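First up is the structure itself, then whatever we jot down about it.
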Amino acid sequence: MRTEMLIGGKWTAGSGGPSFVTRNPATGEVIAELSEATAADVDAAVTAAAAAFEPWAAMLPAARATLLWRIADLIEQQGEELAALESLDQGQTLPVSGGFSIPNLVEHFRYYAGWATKITGSTVALSVPNVDYRTRREPLGVCGLIVPWNFPLPILGWKLAPALATGNTVVIKPAEQTSLSTLRLAELLEEAGVPAGVVNVVTGGPDTGKALVAHPGVAKISFTGSTAVGREIAADAGRALKKVSLELGGKAPSIIAADADIDAVIEPNALGGLLNTGQICAAFTRFYVDRKRVDEFTAKLAGVASHLPVGPATDPNALIGPLVSEEHRASVERYLETGTAEGARLVTGGGRPEGGGYFLEPAVLGGVTQDMRVAREEIFGPVLSVLAYDDPEELAPLANDSEYGLAAAIWSRDIGTATRLANEVKAGTVWINMAPAQDAAAAWGGMKSSGLGREMGWAGIDAYTQVKSIWTALA
Ligand code: NAD
């Protein structure tokens, strides 16, 4: 198991920063000790990435495409091992790590391998006499990629694959709770033949992230994490006029229209709220249900939630794993207390199952109202809040009454209702009659305080390139 950082093609313990531990959330046991990268380590990583930039950017597109495809193959070959490591460090059950995280990572490398040979500029007819005019898309330089703990590998892949496909070099900072799979991936990148310095990994917490954001040699920061930290990064990057992409928090509404088939929508809604133990930025957290049917919906949702097997990734039947840390479980529990103190009803769950680890039984809160903190703030855990509505005209305003705008779901058998709501809801992604899904070709990102910019699809290429205008005098 790799625990050192990767700087300029060398594995190193860094320059003496304090050590920190990473734990198995299913048991609370320490898995490994790592070193926090100091500002000097970050500087060394950025310097290595800057030195590697020109030859990497000059690599022929077809060669880069072949290399990205080889990376995808290697990840796939080591898929079981990587999934087990992700589960050990993050707590994901195997259906999540093996069924989503690894295939999603592979898919992004293959998708952007395809783009590497399809990056074009344009020639444009200008109204200036005697000139030829064309545009070129060029890489940005050194990109700092800062990743959260909930989906360490896929979220890294959404950034790393397009950054490499377009000829950038990178310094990655994984989350301090979940660095191990990123370090193993870095080893696979070396094995695939990625030149030294093109990909560097610095381990550590917020201070390491801050040093990366502050470094003058970094052209762009791509950050996924909380809205509070995103605001700080945007402010710092703004002062330095660095490019920035931000994928931030969410509070996704799931709108159950009056005509929806309740029996058919319960399971995908429970899945949408509880996948990865609710530690998903796009998790369904606010369920808006017609007051006439809200009791039926709440009882059926609680029925499904209370029967989902909770357990560690080593249990092949487990669907709900632990929360990532003791602190995070305590934070989710505080939200349950706040919710009930504000008048919500705990219909099921919220208890700690027997045994060690940071487990929490999935909870359903009934009688939630729009003003309650559980309806407004991101909980990022297995807590489903059900709210009643009286008038369908209220639905879009209720869904939009949030600082967040990452994702939303709409359930209706009427195409007009579903389409109108999808147009009215302020969210970067809307799913109609389906559980959350992602695809490397589908743009991903948030409106309002859920972020700036988009990842995936063409948006991923746009996010890691800049356009140059070239004018040539013809006479
Ligand atoms: P976080 O903001 O605490 O940390 C994210 C990363 O930023 C970590 O690597 C952390 O070490 C680093 N960091 C912390 N403070 C920093 C600072 N001041 N400067 C630079 N780096 C800093 O978030 P988290 O708790 O790890 O992740 C959960 C959050 O991520 C949730 O809000 C969730 O909604 C969000 N998220 C969003 C998406 C999306 O696609 N929009 C996806 C996953 C998670």
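Identifiers in the structure tokens: chain A, B, ... in order shown; residue index from 1 per chain; ligand index from 1 in order shown.
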Strand (DSSP E or B) call set, DSSP backbone run, range 367-445 of chain A, as a PyMOL selection string: chain A and resi 367-368+383-389+404-405+407-411+429-432+444
Please check which protein, DNA or RNA residues sit within 8 Å of ligand 1, counting only C-alpha atoms and all ligand atoms, and write them as an mmCIF file with all heavy atoms, in the first residue's frame.
data_model
loop_
_atom_site.group_PDB
_atom_site.id
_atom_site.type_symbol
_atom_site.label_atom_id
_atom_site.label_comp_id
_atom_site.auth_asym_id
_atom_site.auth_seq_id
_atom_site.Cartn_x
_atom_site.Cartn_y
_atom_site.Cartn_z
ATOM 1 N N ILE A 146 -8.325 19.379 -6.508
ATOM 2 C CA ILE A 146 -8.602 19.154 -5.078
ATOM 3 C C ILE A 146 -9.911 18.373 -4.957
ATOM 4 O O ILE A 146 -10.943 18.782 -5.491
ATOM 5 C CB ILE A 146 -8.685 20.492 -4.315
ATOM 6 C CG1 ILE A 146 -7.390 21.282 -4.530
ATOM 7 C CG2 ILE A 146 -8.946 20.259 -2.827
ATOM 8 C CD1 ILE A 146 -7.342 22.626 -3.809
ATOM 9 N N VAL A 147 -9.835 17.247 -4.254
ATOM 10 C CA VAL A 147 -10.889 16.229 -4.319
ATOM 11 C C VAL A 147 -11.462 15.975 -2.914
ATOM 12 O O VAL A 147 -10.706 15.999 -1.936
ATOM 13 C CB VAL A 147 -10.276 14.931 -4.921
ATOM 14 C CG1 VAL A 147 -11.291 13.816 -5.008
ATOM 15 C CG2 VAL A 147 -9.684 15.213 -6.307
ATOM 16 N N PRO A 148 -12.770 15.703 -2.790
ATOM 17 C CA PRO A 148 -13.363 15.386 -1.490
ATOM 18 C C PRO A 148 -13.302 13.886 -1.202
ATOM 19 O O PRO A 148 -12.797 13.110 -2.019
ATOM 20 C CB PRO A 148 -14.814 15.837 -1.660
ATOM 21 C CG PRO A 148 -15.106 15.531 -3.091
ATOM 22 C CD PRO A 148 -13.815 15.708 -3.851
ATOM 23 N N TRP A 149 -13.875 13.494 -0.058
ATOM 24 C CA TRP A 149 -13.732 12.103 0.388
ATOM 25 C C TRP A 149 -14.864 11.180 -0.037
ATOM 26 O O TRP A 149 -14.799 9.982 0.197
ATOM 27 C CB TRP A 149 -13.589 12.039 1.926
ATOM 28 C CG TRP A 149 -14.617 12.845 2.689
ATOM 29 C CD1 TRP A 149 -14.393 14.039 3.311
ATOM 30 C CD2 TRP A 149 -15.997 12.538 2.899
ATOM 31 N NE1 TRP A 149 -15.556 14.501 3.890
ATOM 32 C CE2 TRP A 149 -16.556 13.593 3.653
ATOM 33 C CE3 TRP A 149 -16.830 11.480 2.522
ATOM 34 C CZ2 TRP A 149 -17.894 13.634 4.032
ATOM 35 C CZ3 TRP A 149 -18.165 11.513 2.899
ATOM 36 C CH2 TRP A 149 -18.682 12.571 3.641
ATOM 37 N N ASN A 150 -15.941 11.720 -0.632
ATOM 38 C CA ASN A 150 -17.102 10.823 -0.812
ATOM 39 C C ASN A 150 -16.961 9.858 -1.990
ATOM 40 O O ASN A 150 -17.389 8.707 -1.891
ATOM 41 C CB ASN A 150 -18.405 11.634 -0.883
ATOM 42 C CG ASN A 150 -18.467 12.548 -2.072
ATOM 43 O OD1 ASN A 150 -17.455 13.086 -2.508
ATOM 44 N ND2 ASN A 150 -19.649 12.734 -2.613
ATOM 45 N N PHE A 151 -16.383 10.349 -3.097
ATOM 46 C CA PHE A 151 -16.098 9.457 -4.238
ATOM 47 C C PHE A 151 -14.683 9.766 -4.725
ATOM 48 O O PHE A 151 -14.502 10.402 -5.781
ATOM 49 C CB PHE A 151 -17.116 9.663 -5.365
ATOM 50 C CG PHE A 151 -18.411 8.950 -5.131
ATOM 51 C CD1 PHE A 151 -19.522 9.623 -4.677
ATOM 52 C CD2 PHE A 151 -18.515 7.573 -5.332
ATOM 53 C CE1 PHE A 151 -20.715 8.961 -4.438
ATOM 54 C CE2 PHE A 151 -19.694 6.899 -5.102
ATOM 55 C CZ PHE A 151 -20.807 7.601 -4.653
ATOM 56 N N ILE A 155 -14.426 11.184 -8.783
ATOM 57 C CA ILE A 155 -14.344 12.652 -8.847
ATOM 58 C C ILE A 155 -12.969 13.083 -9.336
ATOM 59 O O ILE A 155 -12.841 14.025 -10.115
ATOM 60 C CB ILE A 155 -14.713 13.268 -7.482
ATOM 61 C CG1 ILE A 155 -16.208 13.032 -7.229
ATOM 62 C CG2 ILE A 155 -14.399 14.761 -7.450
ATOM 63 C CD1 ILE A 155 -16.720 13.493 -5.880
ATOM 64 N N LYS A 173 -4.534 16.918 -4.964
ATOM 65 C CA LYS A 173 -4.604 16.802 -3.510
ATOM 66 C C LYS A 173 -5.863 16.024 -3.146
ATOM 67 O O LYS A 173 -6.983 16.539 -3.197
ATOM 68 C CB LYS A 173 -4.627 18.162 -2.804
ATOM 69 C CG LYS A 173 -4.264 17.955 -1.323
ATOM 70 C CD LYS A 173 -4.832 18.956 -0.383
ATOM 71 C CE LYS A 173 -6.248 18.752 -0.023
ATOM 72 N NZ LYS A 173 -6.564 17.534 0.743
ATOM 73 N N PRO A 174 -5.685 14.741 -2.791
ATOM 74 C CA PRO A 174 -6.854 13.970 -2.372
ATOM 75 C C PRO A 174 -7.322 14.438 -0.993
ATOM 76 O O PRO A 174 -6.595 15.151 -0.297
ATOM 77 C CB PRO A 174 -6.324 12.534 -2.306
ATOM 78 C CG PRO A 174 -4.848 12.659 -2.136
ATOM 79 C CD PRO A 174 -4.437 13.977 -2.721
ATOM 80 N N ALA A 175 -8.521 14.016 -0.601
ATOM 81 C CA ALA A 175 -9.006 14.350 0.743
ATOM 82 C C ALA A 175 -8.162 13.590 1.766
ATOM 83 O O ALA A 175 -7.744 12.447 1.529
ATOM 84 C CB ALA A 175 -10.474 13.985 0.878
ATOM 85 N N GLU A 176 -7.944 14.209 2.912
ATOM 86 C CA GLU A 176 -7.087 13.609 3.937
ATOM 87 C C GLU A 176 -7.678 12.313 4.493
ATOM 88 O O GLU A 176 -6.956 11.456 4.982
ATOM 89 C CB GLU A 176 -6.804 14.618 5.061
ATOM 90 C CG GLU A 176 -8.025 15.240 5.738
ATOM 91 C CD GLU A 176 -8.593 16.469 5.002
ATOM 92 O OE1 GLU A 176 -8.526 16.499 3.760
ATOM 93 O OE2 GLU A 176 -9.122 17.355 5.691
ATOM 94 N N GLY A 204 -2.486 15.522 2.396
ATOM 95 C CA GLY A 204 -2.635 16.477 3.494
ATOM 96 C C GLY A 204 -4.034 17.041 3.539
ATOM 97 O O GLY A 204 -4.896 16.670 2.730
ATOM 98 N N GLY A 205 -4.250 17.955 4.477
ATOM 99 C CA GLY A 205 -5.582 18.513 4.695
ATOM 100 C C GLY A 205 -5.724 19.913 4.128
ATOM 101 O O GLY A 205 -5.073 20.248 3.122
ATOM 102 N N PRO A 206 -6.554 20.743 4.769
ATOM 103 C CA PRO A 206 -6.834 22.086 4.246
ATOM 104 C C PRO A 206 -5.584 22.928 4.009
ATOM 105 O O PRO A 206 -5.521 23.655 3.014
ATOM 106 C CB PRO A 206 -7.702 22.707 5.353
ATOM 107 C CG PRO A 206 -8.382 21.542 5.992
ATOM 108 C CD PRO A 206 -7.401 20.407 5.928
ATOM 109 N N ASP A 207 -4.564 22.828 4.882
ATOM 110 C CA ASP A 207 -3.390 23.693 4.687
ATOM 111 C C ASP A 207 -2.659 23.344 3.391
ATOM 112 O O ASP A 207 -2.157 24.233 2.687
ATOM 113 C CB ASP A 207 -2.423 23.572 5.881
ATOM 114 C CG ASP A 207 -2.983 24.289 7.103
ATOM 115 O OD1 ASP A 207 -3.920 25.109 6.922
ATOM 116 O OD2 ASP A 207 -2.529 24.009 8.223
ATOM 117 N N THR A 208 -2.595 22.063 3.085
ATOM 118 C CA THR A 208 -1.960 21.650 1.822
ATOM 119 C C THR A 208 -2.779 22.186 0.642
ATOM 120 O O THR A 208 -2.225 22.695 -0.339
ATOM 121 C CB THR A 208 -1.853 20.117 1.764
ATOM 122 O OG1 THR A 208 -1.167 19.672 2.934
ATOM 123 C CG2 THR A 208 -1.114 19.642 0.535
ATOM 124 N N GLY A 209 -4.116 22.075 0.769
ATOM 125 C CA GLY A 209 -4.985 22.610 -0.288
ATOM 126 C C GLY A 209 -4.776 24.106 -0.456
ATOM 127 O O GLY A 209 -4.690 24.610 -1.588
ATOM 128 N N LYS A 210 -4.685 24.815 0.663
ATOM 129 C CA LYS A 210 -4.503 26.277 0.584
ATOM 130 C C LYS A 210 -3.188 26.622 -0.099
ATOM 131 O O LYS A 210 -3.119 27.568 -0.898
ATOM 132 C CB LYS A 210 -4.492 26.877 2.001
ATOM 133 C CG LYS A 210 -5.875 26.992 2.609
ATOM 134 C CD LYS A 210 -5.764 27.653 3.987
ATOM 135 C CE LYS A 210 -7.031 27.400 4.771
ATOM 136 N NZ LYS A 210 -6.925 27.666 6.185
ATOM 137 N N ALA A 211 -2.124 25.845 0.215
ATOM 138 C CA ALA A 211 -0.815 26.127 -0.404
ATOM 139 C C ALA A 211 -0.895 25.921 -1.914
ATOM 140 O O ALA A 211 -0.270 26.670 -2.692
ATOM 141 C CB ALA A 211 0.258 25.224 0.217
ATOM 142 N N LEU A 212 -1.670 24.939 -2.336
ATOM 143 C CA LEU A 212 -1.816 24.682 -3.777
ATOM 144 C C LEU A 212 -2.580 25.829 -4.442
ATOM 145 O O LEU A 212 -2.195 26.324 -5.509
ATOM 146 C CB LEU A 212 -2.542 23.342 -3.968
ATOM 147 C CG LEU A 212 -2.654 22.786 -5.375
ATOM 148 C CD1 LEU A 212 -1.291 22.645 -6.037
ATOM 149 C CD2 LEU A 212 -3.364 21.415 -5.347
ATOM 150 N N VAL A 213 -3.670 26.261 -3.792
ATOM 151 C CA VAL A 213 -4.468 27.356 -4.366
ATOM 152 C C VAL A 213 -3.625 28.630 -4.451
ATOM 153 O O VAL A 213 -3.718 29.392 -5.414
ATOM 154 C CB VAL A 213 -5.737 27.595 -3.506
ATOM 155 C CG1 VAL A 213 -6.499 28.829 -3.978
ATOM 156 C CG2 VAL A 213 -6.652 26.367 -3.536
ATOM 157 N N PHE A 223 -11.888 22.264 -8.083
ATOM 158 C CA PHE A 223 -12.183 21.855 -6.704
ATOM 159 C C PHE A 223 -13.561 21.227 -6.639
ATOM 160 O O PHE A 223 -14.530 21.764 -7.194
ATOM 161 C CB PHE A 223 -12.147 23.098 -5.801
ATOM 162 C CG PHE A 223 -12.708 22.865 -4.415
ATOM 163 C CD1 PHE A 223 -11.926 22.283 -3.430
ATOM 164 C CD2 PHE A 223 -14.013 23.239 -4.091
ATOM 165 C CE1 PHE A 223 -12.439 22.074 -2.143
ATOM 166 C CE2 PHE A 223 -14.526 23.036 -2.815
ATOM 167 C CZ PHE A 223 -13.733 22.452 -1.836
ATOM 168 N N THR A 224 -13.662 20.104 -5.968
ATOM 169 C CA THR A 224 -14.958 19.558 -5.591
ATOM 170 C C THR A 224 -14.966 19.426 -4.082
ATOM 171 O O THR A 224 -14.034 18.857 -3.501
ATOM 172 C CB THR A 224 -15.215 18.191 -6.250
ATOM 173 O OG1 THR A 224 -15.221 18.373 -7.664
ATOM 174 C CG2 THR A 224 -16.559 17.617 -5.835
ATOM 175 N N GLY A 225 -16.004 19.959 -3.455
ATOM 176 C CA GLY A 225 -16.095 19.893 -1.997
ATOM 177 C C GLY A 225 -17.211 20.778 -1.509
ATOM 178 O O GLY A 225 -18.166 21.058 -2.246
ATOM 179 N N SER A 226 -17.079 21.244 -0.278
ATOM 180 C CA SER A 226 -18.186 21.973 0.341
ATOM 181 C C SER A 226 -18.288 23.395 -0.217
ATOM 182 O O SER A 226 -17.299 23.965 -0.688
ATOM 183 C CB SER A 226 -17.960 22.026 1.849
ATOM 184 O OG SER A 226 -16.729 22.664 2.115
ATOM 185 N N THR A 227 -19.474 23.935 -0.109
ATOM 186 C CA THR A 227 -19.703 25.296 -0.598
ATOM 187 C C THR A 227 -18.872 26.297 0.199
ATOM 188 O O THR A 227 -18.335 27.255 -0.369
ATOM 189 C CB THR A 227 -21.209 25.605 -0.540
ATOM 190 O OG1 THR A 227 -21.850 24.768 -1.515
ATOM 191 C CG2 THR A 227 -21.517 27.057 -0.863
ATOM 192 N N ALA A 228 -18.718 26.068 1.511
ATOM 193 C CA ALA A 228 -17.957 27.021 2.334
ATOM 194 C C ALA A 228 -16.515 27.113 1.840
ATOM 195 O O ALA A 228 -15.976 28.211 1.654
ATOM 196 C CB ALA A 228 -18.005 26.584 3.797
ATOM 197 N N VAL A 229 -15.889 25.971 1.606
ATOM 198 C CA VAL A 229 -14.494 25.989 1.133
ATOM 199 C C VAL A 229 -14.448 26.513 -0.311
ATOM 200 O O VAL A 229 -13.535 27.254 -0.682
ATOM 201 C CB VAL A 229 -13.854 24.589 1.258
ATOM 202 C CG1 VAL A 229 -12.477 24.569 0.605
ATOM 203 C CG2 VAL A 229 -13.746 24.184 2.725
ATOM 204 N N GLY A 230 -15.444 26.163 -1.113
ATOM 205 C CA GLY A 230 -15.502 26.656 -2.496
ATOM 206 C C GLY A 230 -15.496 28.177 -2.546
ATOM 207 O O GLY A 230 -14.833 28.781 -3.395
ATOM 208 N N GLU A 232 -14.142 30.192 -0.356
ATOM 209 C CA GLU A 232 -12.782 30.666 -0.028
ATOM 210 C C GLU A 232 -11.874 30.533 -1.236
ATOM 211 O O GLU A 232 -11.099 31.436 -1.561
ATOM 212 C CB GLU A 232 -12.169 29.788 1.080
ATOM 213 C CG GLU A 232 -12.550 30.163 2.479
ATOM 214 C CD GLU A 232 -11.834 29.253 3.466
ATOM 215 O OE1 GLU A 232 -10.613 29.059 3.345
ATOM 216 O OE2 GLU A 232 -12.527 28.713 4.349
ATOM 217 N N ILE A 233 -11.964 29.376 -1.895
ATOM 218 C CA ILE A 233 -11.087 29.132 -3.046
ATOM 219 C C ILE A 233 -11.400 30.109 -4.169
ATOM 220 O O ILE A 233 -10.497 30.670 -4.797
ATOM 221 C CB ILE A 233 -11.208 27.662 -3.507
ATOM 222 C CG1 ILE A 233 -10.580 26.764 -2.437
ATOM 223 C CG2 ILE A 233 -10.581 27.440 -4.880
ATOM 224 C CD1 ILE A 233 -10.635 25.293 -2.728
ATOM 225 N N LEU A 246 -15.667 24.872 -9.848
ATOM 226 C CA LEU A 246 -16.108 24.485 -8.502
ATOM 227 C C LEU A 246 -17.335 23.585 -8.597
ATOM 228 O O LEU A 246 -18.338 23.953 -9.214
ATOM 229 C CB LEU A 246 -16.487 25.734 -7.693
ATOM 230 C CG LEU A 246 -15.399 26.798 -7.508
ATOM 231 C CD1 LEU A 246 -15.989 28.039 -6.847
ATOM 232 C CD2 LEU A 246 -14.256 26.258 -6.660
ATOM 233 N N GLU A 247 -17.228 22.410 -7.997
ATOM 234 C CA GLU A 247 -18.385 21.504 -7.868
ATOM 235 C C GLU A 247 -18.674 21.424 -6.381
ATOM 236 O O GLU A 247 -17.896 20.833 -5.630
ATOM 237 C CB GLU A 247 -18.043 20.105 -8.402
ATOM 238 C CG GLU A 247 -17.660 20.062 -9.871
ATOM 239 C CD GLU A 247 -18.836 20.231 -10.801
ATOM 240 O OE1 GLU A 247 -19.985 20.301 -10.323
ATOM 241 O OE2 GLU A 247 -18.606 20.326 -12.008
ATOM 242 N N LEU A 248 -19.789 22.018 -5.936
ATOM 243 C CA LEU A 248 -19.984 22.216 -4.502
ATOM 244 C C LEU A 248 -21.189 21.436 -3.974
ATOM 245 O O LEU A 248 -21.615 20.460 -4.574
ATOM 246 C CB LEU A 248 -20.094 23.715 -4.227
ATOM 247 C CG LEU A 248 -18.926 24.533 -4.833
ATOM 248 C CD1 LEU A 248 -19.122 26.018 -4.608
ATOM 249 C CD2 LEU A 248 -17.583 24.078 -4.277
ATOM 250 N N GLY A 249 -21.711 21.893 -2.871
ATOM 251 C CA GLY A 249 -22.745 21.124 -2.168
ATOM 252 C C GLY A 249 -24.082 21.108 -2.894
ATOM 253 O O GLY A 249 -24.284 21.803 -3.891
ATOM 254 N N GLY A 250 -24.987 20.301 -2.375
ATOM 255 C CA GLY A 250 -26.320 20.202 -2.967
ATOM 256 C C GLY A 250 -27.370 19.901 -1.926
ATOM 257 O O GLY A 250 -27.059 19.577 -0.765
ATOM 258 N N GLN A 279 -23.995 10.023 1.179
ATOM 259 C CA GLN A 279 -22.829 10.919 1.044
ATOM 260 C C GLN A 279 -22.600 11.221 -0.437
ATOM 261 O O GLN A 279 -21.577 10.868 -1.019
ATOM 262 C CB GLN A 279 -21.595 10.285 1.690
ATOM 263 C CG GLN A 279 -21.806 9.977 3.175
ATOM 264 C CD GLN A 279 -20.719 9.099 3.761
ATOM 265 O OE1 GLN A 279 -20.007 9.509 4.639
ATOM 266 N NE2 GLN A 279 -20.586 7.886 3.259
ATOM 267 N N ILE A 280 -23.594 11.845 -1.024
ATOM 268 C CA ILE A 280 -23.564 12.177 -2.448
ATOM 269 C C ILE A 280 -24.078 13.597 -2.571
ATOM 270 O O ILE A 280 -25.126 13.933 -2.019
ATOM 271 C CB ILE A 280 -24.480 11.226 -3.259
ATOM 272 C CG1 ILE A 280 -23.974 9.800 -3.146
ATOM 273 C CG2 ILE A 280 -24.612 11.667 -4.695
ATOM 274 C CD1 ILE A 280 -24.601 8.836 -4.118
ATOM 275 N N CYS A 281 -23.329 14.415 -3.323
ATOM 276 C CA CYS A 281 -23.735 15.819 -3.453
ATOM 277 C C CYS A 281 -25.103 15.942 -4.092
ATOM 278 O O CYS A 281 -25.840 16.871 -3.810
ATOM 279 C CB CYS A 281 -22.694 16.550 -4.283
ATOM 280 S SG CYS A 281 -22.254 15.630 -5.760
ATOM 281 N N ALA A 282 -25.467 14.992 -4.972
ATOM 282 C CA ALA A 282 -26.741 15.064 -5.675
ATOM 283 C C ALA A 282 -27.806 14.198 -5.015
ATOM 284 O O ALA A 282 -28.865 13.967 -5.604
ATOM 285 C CB ALA A 282 -26.548 14.615 -7.122
ATOM 286 N N GLU A 378 -27.230 21.186 3.855
ATOM 287 C CA GLU A 378 -26.750 19.903 3.343
ATOM 288 C C GLU A 378 -26.350 19.012 4.520
ATOM 289 O O GLU A 378 -25.521 19.409 5.338
ATOM 290 C CB GLU A 378 -25.543 20.126 2.432
ATOM 291 C CG GLU A 378 -25.069 18.848 1.782
ATOM 292 C CD GLU A 378 -23.878 19.061 0.859
ATOM 293 O OE1 GLU A 378 -22.932 19.750 1.258
ATOM 294 O OE2 GLU A 378 -23.901 18.509 -0.259
ATOM 295 N N PHE A 380 -25.638 15.467 4.069
ATOM 296 C CA PHE A 380 -24.626 14.579 3.481
ATOM 297 C C PHE A 380 -24.575 13.237 4.206
ATOM 298 O O PHE A 380 -23.505 12.689 4.464
ATOM 299 C CB PHE A 380 -23.249 15.259 3.517
ATOM 300 C CG PHE A 380 -22.438 15.019 2.269
ATOM 301 C CD1 PHE A 380 -22.937 15.334 1.022
ATOM 302 C CD2 PHE A 380 -21.169 14.462 2.337
ATOM 303 C CE1 PHE A 380 -22.204 15.115 -0.132
ATOM 304 C CE2 PHE A 380 -20.425 14.235 1.191
ATOM 305 C CZ PHE A 380 -20.947 14.567 -0.041
ATOM 306 N N LEU A 406 -27.837 21.918 -7.489
ATOM 307 C CA LEU A 406 -27.007 20.921 -8.182
ATOM 308 C C LEU A 406 -27.856 19.962 -9.011
ATOM 309 O O LEU A 406 -27.593 19.744 -10.187
ATOM 310 C CB LEU A 406 -26.165 20.144 -7.160
ATOM 311 C CG LEU A 406 -25.163 19.165 -7.765
ATOM 312 C CD1 LEU A 406 -24.138 19.883 -8.623
ATOM 313 C CD2 LEU A 406 -24.460 18.362 -6.676
ATOM 314 N N TRP A 444 -21.967 18.004 -16.097
ATOM 315 C CA TRP A 444 -22.252 17.892 -14.668
ATOM 316 C C TRP A 444 -21.780 19.148 -13.957
ATOM 317 O O TRP A 444 -20.630 19.568 -14.132
ATOM 318 C CB TRP A 444 -21.515 16.673 -14.095
ATOM 319 C CG TRP A 444 -21.723 16.482 -12.629
ATOM 320 C CD1 TRP A 444 -20.826 16.714 -11.632
ATOM 321 C CD2 TRP A 444 -22.921 16.033 -12.002
ATOM 322 N NE1 TRP A 444 -21.402 16.438 -10.417
ATOM 323 C CE2 TRP A 444 -22.682 16.023 -10.611
ATOM 324 C CE3 TRP A 444 -24.178 15.651 -12.487
ATOM 325 C CZ2 TRP A 444 -23.662 15.642 -9.699
ATOM 326 C CZ3 TRP A 444 -25.139 15.263 -11.575
ATOM 327 C CH2 TRP A 444 -24.875 15.255 -10.199
ATOM 328 N N GLY A 445 -22.661 19.730 -13.136
ATOM 329 C CA GLY A 445 -22.250 20.902 -12.359
ATOM 330 C C GLY A 445 -23.468 21.593 -11.793
ATOM 331 O O GLY A 445 -24.605 21.220 -12.078
ATOM 332 N N GLY A 446 -23.217 22.629 -10.994
ATOM 333 C CA GLY A 446 -24.316 23.213 -10.238
ATOM 334 C C GLY A 446 -24.651 24.635 -10.614
ATOM 335 O O GLY A 446 -23.808 25.387 -11.115
ATOM 336 N N SER A 450 -24.146 25.891 -5.794
ATOM 337 C CA SER A 450 -23.638 24.532 -6.022
ATOM 338 C C SER A 450 -22.448 24.500 -6.963
ATOM 339 O O SER A 450 -21.916 23.417 -7.237
ATOM 340 C CB SER A 450 -24.758 23.628 -6.561
ATOM 341 O OG SER A 450 -25.668 23.337 -5.528
ATOM 342 N N GLY A 451 -22.024 25.645 -7.459
ATOM 343 C CA GLY A 451 -20.766 25.597 -8.214
ATOM 344 C C GLY A 451 -20.637 26.587 -9.342
ATOM 345 O O GLY A 451 -21.530 27.381 -9.616
#
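Note that CA of Ser412 in chain A and CA of Lys300 in chain A are 17.7 Å apart.
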Could you give me, as a PyMOL selection string, each residue of range 52-275 of chain A that DSSP assigns to helix (DSSP H, G or I) when run on this structure's backbone? chain A and resi 52-58+61-77+79-90+94-115+152-165+180-192+206-214+227-240+262-275
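For range 417-420 of chain A, the residues within 10 Å (counting only C-alpha atoms, excluding itself and residues fewer than 2 positions away along the chain) are Ile255, Ala257, Asp259, Pro392, Ala396, Ala409, Ile410, Trp411, Ser412, Arg413, Asp414, Ile415, Ala422, Asn423, Glu424, Val425, Trp431, Ile432 and Asn433 of chain A.
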Within 12 Å of range 125-128 of chain A: each range 356-474 of chain A residue with its shortest pair, only C-alpha atoms, as CSV:
residue,atom,partner,partner_atom,distance
A:Ser469,CA,A:Leu126,CA,11.9
A:Ile470,CA,A:Leu126,CA,11.9
A:Trp471,CA,A:Leu126,CA,9.9
A:Thr472,CA,A:Val128,CA,11.1
A:Ala473,CA,A:Val128,CA,10.1
A:Leu474,CA,A:Val128,CA,11.0
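CA of Asp290 in chain A to CA of Glu393 in chain A spans 11.6 Å [interatomic distance, one decimal].
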I want to know what sits within 8 Å of Lys426 in chain A, based on only C-alpha atoms, with residues of the same chain fewer than 4 positions away left out; could you give that as a list in words? Asn400, Gly405 and Met447 of chain A
Expected file: the selected residues, all heavy atoms, as a short mmCIF file (atom, residue, chain, number, x, y, z; two decimals), in the first residue's frame:
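Output saved as again01.cif:
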data_model
loop_
_atom_site.label_atom_id
_atom_site.label_comp_id
_atom_site.auth_asym_id
_atom_site.auth_seq_id
_atom_site.Cartn_x
_atom_site.Cartn_y
_atom_site.Cartn_z
N ASN A 400 -37.03 25.56 -5.61
CA ASN A 400 -36.01 26.60 -5.87
C ASN A 400 -35.69 27.43 -4.63
O ASN A 400 -34.75 28.23 -4.66
CB ASN A 400 -36.48 27.52 -7.00
CG ASN A 400 -36.47 26.80 -8.33
OD1 ASN A 400 -35.75 25.80 -8.49
ND2 ASN A 400 -37.26 27.27 -9.27
N GLY A 405 -28.30 24.35 -6.07
CA GLY A 405 -28.95 24.06 -7.34
C GLY A 405 -28.15 23.05 -8.14
O GLY A 405 -27.77 23.28 -9.28
N MET A 447 -25.91 25.00 -10.36
CA MET A 447 -26.33 26.40 -10.42
C MET A 447 -26.23 26.99 -9.01
O MET A 447 -26.03 26.28 -8.04
CB MET A 447 -27.78 26.49 -10.91
CG MET A 447 -27.97 26.01 -12.34
SD MET A 447 -29.67 26.27 -12.88
CE MET A 447 -29.56 25.64 -14.56
#
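Here the question is which of A:Leu275, A:Leu94, A:Ala363, A:Leu398 gets nearest to Pro436 in chain A using only C-alpha atoms, and that residue is A:Leu275.
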